[in-house]
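Dropping work19.txt in here (compact mmCIF, C-alpha atoms):
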```txt
# COMPACT_ATOMS: atom_id res chain seq x y z
CA GLN A 1 156.05 169.58 129.20
CA GLN A 2 156.32 173.33 129.94
CA GLN A 3 155.96 174.10 126.25
CA GLN A 4 152.80 171.99 126.11
CA GLN A 5 151.40 173.88 129.13
CA LEU A 6 152.32 177.22 127.56
CA SER A 7 150.84 176.29 124.23
CA ALA A 8 147.67 175.01 125.95
CA THR A 9 147.42 178.30 127.88
CA VAL A 10 147.99 180.29 124.72
CA ARG A 11 145.37 178.22 122.87
CA ARG A 12 142.81 178.75 125.63
CA HIS A 13 143.56 182.47 125.64
CA LEU A 14 143.19 182.72 121.85
CA HIS A 15 139.99 180.68 121.93
CA SER A 16 138.46 182.88 124.65
CA THR A 17 139.43 186.09 122.82
CA SER A 18 137.96 184.77 119.57
CA LEU A 19 134.71 183.93 121.40
CA VAL A 20 134.57 187.42 122.88
CA LEU A 21 135.18 188.94 119.45
CA GLN A 22 132.42 186.81 117.90
CA VAL A 23 129.93 187.83 120.58
CA GLY A 24 130.92 191.48 120.15
CA GLN A 25 130.50 191.27 116.37
CA GLU A 26 127.04 189.71 116.76
CA MET A 27 126.04 192.48 119.19
CA LEU A 28 127.21 195.17 116.74
CA GLU A 29 125.24 193.59 113.91
CA GLU A 30 122.12 193.40 116.08
CA GLU A 31 122.51 197.08 117.04
CA ALA A 32 122.82 198.03 113.36
CA ARG A 33 119.65 196.07 112.51
CA GLU A 34 117.80 197.71 115.42
CA ALA A 35 118.91 201.18 114.30
CA GLU A 36 117.70 200.46 110.76
CA ARG A 37 114.31 199.28 112.11
CA GLU A 38 113.95 202.44 114.21
CA LYS A 39 114.84 204.59 111.21
CA MET A 40 112.23 202.91 109.01
CA GLN A 41 109.59 203.19 111.75
CA TYR A 42 110.32 206.93 112.19
CA LEU A 43 110.11 207.52 108.42
CA GLU A 44 106.76 205.69 108.24
CA GLU A 45 105.32 207.73 111.11
CA ASN A 46 106.57 211.18 110.08
CA CYS A 47 106.93 211.02 106.29
CA THR A 48 103.80 210.07 104.46
CA ALA A 49 103.92 208.74 100.94
CA LEU A 50 104.10 211.48 98.34
CA PHE A 51 100.98 211.82 96.27
CA ILE A 52 101.64 213.55 92.97
CA PRO A 53 98.43 214.84 91.45
CA GLY A 54 97.96 215.05 87.73
CA SER A 55 96.47 218.52 87.37
CA MET A 56 98.38 221.79 87.50
CA GLN A 57 96.14 223.25 90.22
CA ASP A 58 96.74 220.27 92.50
CA LEU A 59 100.53 220.52 91.93
CA GLN A 60 100.49 224.20 92.91
CA GLU A 61 98.52 223.45 96.07
CA LEU A 62 101.00 220.68 96.94
CA CYS A 63 103.93 223.06 96.41
CA CYS A 64 102.32 225.69 98.62
CA LYS A 65 101.72 223.09 101.32
CA LEU A 66 105.32 221.87 101.12
CA HIS A 67 106.65 225.47 101.25
CA LYS A 68 104.62 226.13 104.40
CA GLN A 69 106.03 223.00 106.02
CA ILE A 70 109.54 224.01 105.00
CA ASP A 71 109.03 227.49 106.49
CA LEU A 72 107.80 226.00 109.76
CA VAL A 73 110.78 223.65 109.96
CA ASP A 74 113.22 226.47 109.12
CA GLU A 75 111.67 228.71 111.77
CA GLU A 76 111.92 225.93 114.35
CA ARG A 77 115.55 225.23 113.38
CA TYR A 78 116.41 228.94 113.62
CA ASN A 79 114.80 229.21 117.06
CA MET A 80 116.76 226.19 118.24
CA GLU A 81 120.01 227.64 116.91
CA VAL A 82 119.35 230.95 118.69
CA LYS A 83 118.62 229.13 121.96
CA VAL A 84 121.80 227.09 121.64
CA ALA A 85 123.85 230.21 120.82
CA LYS A 86 122.44 232.06 123.84
CA SER A 87 123.10 229.08 126.07
CA ASN A 88 126.67 228.82 124.82
CA LYS A 89 127.20 232.55 125.32
CA VAL A 90 125.86 232.38 128.87
CA ASP A 91 128.09 229.41 129.62
CA ASP A 92 131.11 231.24 128.20
CA LEU A 93 130.35 234.31 130.30
CA LYS A 94 129.98 232.17 133.43
CA LEU A 95 133.36 230.58 132.73
CA LYS A 96 134.92 234.03 132.25
CA ILE A 97 133.44 235.23 135.53
CA GLN A 98 134.74 232.18 137.35
CA TYR A 99 138.14 232.65 135.75
CA LEU A 100 138.30 236.32 136.70
CA ASN A 101 137.07 235.69 140.24
CA GLY A 102 139.55 232.91 140.71
CA ARG A 103 142.44 234.78 139.18
CA PHE A 104 142.19 238.08 141.00
CA LYS A 105 140.87 236.83 144.33
CA LYS A 106 143.28 237.86 147.04
CA PRO A 107 143.43 235.91 150.28
CA VAL A 108 142.87 237.73 153.54
CA LEU A 109 146.20 238.11 155.28
CA LYS A 110 146.50 238.08 159.03
CA LYS A 111 148.76 240.46 160.90
CA VAL A 112 151.59 238.63 162.55
CA ARG A 113 153.86 240.30 165.07
CA MET A 114 157.24 238.72 164.86
CA SER A 115 160.71 240.04 165.38
CA ALA A 116 163.40 239.77 162.73
CA ASP A 117 165.23 237.18 164.81
CA ALA A 118 162.09 235.06 165.07
CA MET A 119 161.54 235.31 161.30
CA LEU A 120 165.07 234.21 160.55
CA ALA A 121 164.78 231.37 163.04
CA GLY A 122 161.52 230.29 161.38
CA LEU A 123 162.98 230.45 157.89
CA LEU A 124 166.37 228.94 158.60
CA GLY A 125 165.35 226.54 161.32
CA SER A 126 166.63 226.16 164.85
CA LYS A 127 170.02 224.87 163.72
CA HIS A 128 171.21 228.28 162.49
CA LYS A 129 171.75 230.88 165.16
CA VAL A 130 171.59 234.24 163.42
CA SER A 131 171.14 237.45 165.31
CA MET A 132 169.88 240.44 163.45
CA ASP A 133 170.24 243.48 165.63
CA LEU A 134 169.26 246.32 163.36
CA ARG A 135 169.86 249.02 165.94
CA ALA A 136 173.50 247.98 166.41
CA SER A 137 174.32 248.71 162.78
CA LEU A 138 172.93 252.26 162.96
CA LYS A 139 175.40 255.09 163.20
CA GLN A 140 175.39 256.98 166.47
CA VAL A 141 174.96 260.72 166.08
CA LYS A 142 176.84 262.77 168.58
CA LYS A 143 175.13 265.63 170.36
CA GLU A 144 177.95 268.02 169.49
CA VAL A 145 177.22 267.68 165.78
CA LYS A 146 173.56 268.52 166.41
CA ASP A 147 174.55 271.67 168.32
CA GLU A 148 176.75 272.85 165.45
CA VAL A 149 173.94 272.36 162.94
CA GLU A 150 171.56 274.40 165.11
CA LYS A 151 174.08 277.26 165.37
CA ILE A 152 174.43 277.40 161.60
CA LYS A 153 170.64 277.53 161.22
CA ASP A 154 170.36 280.39 163.69
CA LYS A 155 173.01 282.47 161.91
CA THR A 156 171.56 282.17 158.41
CA GLY A 157 167.90 282.12 159.41
CA MET A 158 165.22 280.07 157.70
CA GLY A 159 166.97 276.82 158.50
CA GLY A 160 170.20 277.29 156.53
CA ARG A 161 168.68 278.74 153.37
CA LYS A 162 169.37 282.23 152.07
CA LYS A 163 166.61 284.74 152.06
CA MET A 164 165.34 285.20 148.55
CA PHE A 165 163.36 288.40 149.15
CA ASP A 166 163.85 291.30 151.51
CA THR A 167 160.92 291.62 153.85
CA GLU A 168 161.70 295.25 154.74
CA PRO A 169 160.00 298.00 152.70
```
Can you present the structure in this file as structure tokens?
Amino acid sequence: QQQQQLSATVRRHLHSTSLVLQVGQEMLEEEAREAEREKMQYLEENCTALFIPGSMQDLQELCCKLHKQIDLVDEERYNMEVKVAKSNKVDDLKLKIQYLNGRFKKPVLKKVRMSADAMLAGLLGSKHKVSMDLRASLKQVKKEVKDEVEKIKDKTGMGGRKKMFDTEP
């Protein structure tokens, strides 16, 4: 019984898809016929029947007329191509400007006053207790060492450097 239900479901599905395909095919054929009708109507409106005269003078006049029409069409085509090229160039330049503005645009940074301990706490979270006392790691300079350095400077003059030239005449 399940196989009969499945096969009935499959048959209904296949039947519905075939109907959809038939309708789609009919629509495509109708569109093709409509396009052909529009094409023929356009040709009848814009392309008159060619009259070929029998005399040489009439043929030359016809050729001149056709050449003028060809020149007009070529000029129009060229103008359109130039407009399209300019439009494309402008669009390309706009894209380049947007790219450059977006690429090199720097955000405005705000000054934030924060101690090193606060920065570490913010980065590592409140679980880690790290103390960063920068002043504790600095070496303490004794005052005695400073006094000795000053004595040496006084003896040699010019801050510990030798005199290069005698200033006496």
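Closest approach to Leu50 of chain A from the set A:Leu62, A:Ile70, A:Gln98, A:Ala85 is made by A:Leu62, with distances taken over only C-alpha atoms.
Interatomic distance, atom CA of Phe51 of chain A against atom CA of Lys68 of chain A: 16.9 Å.
A straight line drawn from atom CA of Glu34 of chain A to atom CA of Val73 of chain A is 27.4 Å long.
From atom CA of Gly24 of chain A back to atom CA of Leu43 of chain A, the distance works out to 28.8 Å.
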Can you write segment 75-92 of chain A from the block above with N, CA, C and O atoms, as a PDB file, in the first residue's frame?
```pdb
ATOM      1  N   GLU A  75      28.736  58.482 -38.009  1.00  0.00           N
ATOM      2  CA  GLU A  75      28.981  59.603 -37.112  1.00  0.00           C
ATOM      3  C   GLU A  75      28.200  59.429 -35.808  1.00  0.00           C
ATOM      4  O   GLU A  75      28.725  59.648 -34.719  1.00  0.00           O
ATOM      5  N   GLU A  76      26.960  59.009 -35.920  1.00  0.00           N
ATOM      6  CA  GLU A  76      26.133  58.770 -34.742  1.00  0.00           C
ATOM      7  C   GLU A  76      26.718  57.649 -33.876  1.00  0.00           C
ATOM      8  O   GLU A  76      26.786  57.760 -32.647  1.00  0.00           O
ATOM      9  N   ARG A  77      27.169  56.577 -34.525  1.00  0.00           N
ATOM     10  CA  ARG A  77      27.769  55.451 -33.802  1.00  0.00           C
ATOM     11  C   ARG A  77      29.036  55.898 -33.077  1.00  0.00           C
ATOM     12  O   ARG A  77      29.264  55.570 -31.908  1.00  0.00           O
ATOM     13  N   TYR A  78      29.877  56.697 -33.777  1.00  0.00           N
ATOM     14  CA  TYR A  78      31.109  57.183 -33.170  1.00  0.00           C
ATOM     15  C   TYR A  78      30.804  58.059 -31.954  1.00  0.00           C
ATOM     16  O   TYR A  78      31.441  57.929 -30.901  1.00  0.00           O
ATOM     17  N   ASN A  79      29.829  58.957 -32.092  1.00  0.00           N
ATOM     18  CA  ASN A  79      29.455  59.823 -30.967  1.00  0.00           C
ATOM     19  C   ASN A  79      28.980  59.001 -29.777  1.00  0.00           C
ATOM     20  O   ASN A  79      29.320  59.297 -28.626  1.00  0.00           O
ATOM     21  N   MET A  80      28.196  57.976 -30.062  1.00  0.00           N
ATOM     22  CA  MET A  80      27.728  57.104 -28.973  1.00  0.00           C
ATOM     23  C   MET A  80      28.892  56.381 -28.307  1.00  0.00           C
ATOM     24  O   MET A  80      28.937  56.258 -27.074  1.00  0.00           O
ATOM     25  N   GLU A  81      29.833  55.903 -29.101  1.00  0.00           N
ATOM     26  CA  GLU A  81      30.992  55.198 -28.532  1.00  0.00           C
ATOM     27  C   GLU A  81      31.812  56.128 -27.650  1.00  0.00           C
ATOM     28  O   GLU A  81      32.285  55.737 -26.581  1.00  0.00           O
ATOM     29  N   VAL A  82      31.984  57.383 -28.104  1.00  0.00           N
ATOM     30  CA  VAL A  82      32.747  58.351 -27.310  1.00  0.00           C
ATOM     31  C   VAL A  82      32.027  58.642 -25.993  1.00  0.00           C
ATOM     32  O   VAL A  82      32.654  58.696 -24.927  1.00  0.00           O
ATOM     33  N   LYS A  83      30.712  58.807 -26.046  1.00  0.00           N
ATOM     34  CA  LYS A  83      29.951  59.049 -24.822  1.00  0.00           C
ATOM     35  C   LYS A  83      30.066  57.890 -23.851  1.00  0.00           C
ATOM     36  O   LYS A  83      30.244  58.070 -22.641  1.00  0.00           O
ATOM     37  N   VAL A  84      29.978  56.676 -24.384  1.00  0.00           N
ATOM     38  CA  VAL A  84      30.089  55.489 -23.531  1.00  0.00           C
ATOM     39  C   VAL A  84      31.489  55.401 -22.926  1.00  0.00           C
ATOM     40  O   VAL A  84      31.661  55.093 -21.742  1.00  0.00           O
ATOM     41  N   ALA A  85      32.519  55.684 -23.739  1.00  0.00           N
ATOM     42  CA  ALA A  85      33.895  55.624 -23.238  1.00  0.00           C
ATOM     43  C   ALA A  85      34.111  56.654 -22.135  1.00  0.00           C
ATOM     44  O   ALA A  85      34.723  56.359 -21.098  1.00  0.00           O
ATOM     45  N   LYS A  86      33.588  57.883 -22.340  1.00  0.00           N
ATOM     46  CA  LYS A  86      33.731  58.911 -21.307  1.00  0.00           C
ATOM     47  C   LYS A  86      33.002  58.506 -20.034  1.00  0.00           C
ATOM     48  O   LYS A  86      33.510  58.685 -18.929  1.00  0.00           O
ATOM     49  N   SER A  87      31.816  57.964 -20.208  1.00  0.00           N
ATOM     50  CA  SER A  87      31.042  57.531 -19.041  1.00  0.00           C
ATOM     51  C   SER A  87      31.779  56.435 -18.279  1.00  0.00           C
ATOM     52  O   SER A  87      31.844  56.458 -17.045  1.00  0.00           O
ATOM     53  N   ASN A  88      32.335  55.487 -19.018  1.00  0.00           N
ATOM     54  CA  ASN A  88      33.084  54.400 -18.367  1.00  0.00           C
ATOM     55  C   ASN A  88      34.314  54.944 -17.655  1.00  0.00           C
ATOM     56  O   ASN A  88      34.657  54.501 -16.560  1.00  0.00           O
ATOM     57  N   LYS A  89      34.997  55.918 -18.286  1.00  0.00           N
ATOM     58  CA  LYS A  89      36.188  56.482 -17.675  1.00  0.00           C
ATOM     59  C   LYS A  89      35.828  57.227 -16.391  1.00  0.00           C
ATOM     60  O   LYS A  89      36.517  57.105 -15.380  1.00  0.00           O
ATOM     61  N   VAL A  90      34.739  57.987 -16.435  1.00  0.00           N
ATOM     62  CA  VAL A  90      34.293  58.715 -15.247  1.00  0.00           C
ATOM     63  C   VAL A  90      33.936  57.730 -14.137  1.00  0.00           C
ATOM     64  O   VAL A  90      34.300  57.933 -12.967  1.00  0.00           O
ATOM     65  N   ASP A  91      33.235  56.665 -14.502  1.00  0.00           N
ATOM     66  CA  ASP A  91      32.877  55.663 -13.493  1.00  0.00           C
ATOM     67  C   ASP A  91      34.119  55.016 -12.894  1.00  0.00           C
ATOM     68  O   ASP A  91      34.192  54.792 -11.679  1.00  0.00           O
ATOM     69  N   ASP A  92      35.107  54.713 -13.744  1.00  0.00           N
ATOM     70  CA  ASP A  92      36.347  54.116 -13.244  1.00  0.00           C
ATOM     71  C   ASP A  92      37.066  55.068 -12.295  1.00  0.00           C
ATOM     72  O   ASP A  92      37.584  54.656 -11.249  1.00  0.00           O
TER      73      ASP A  92
END
```
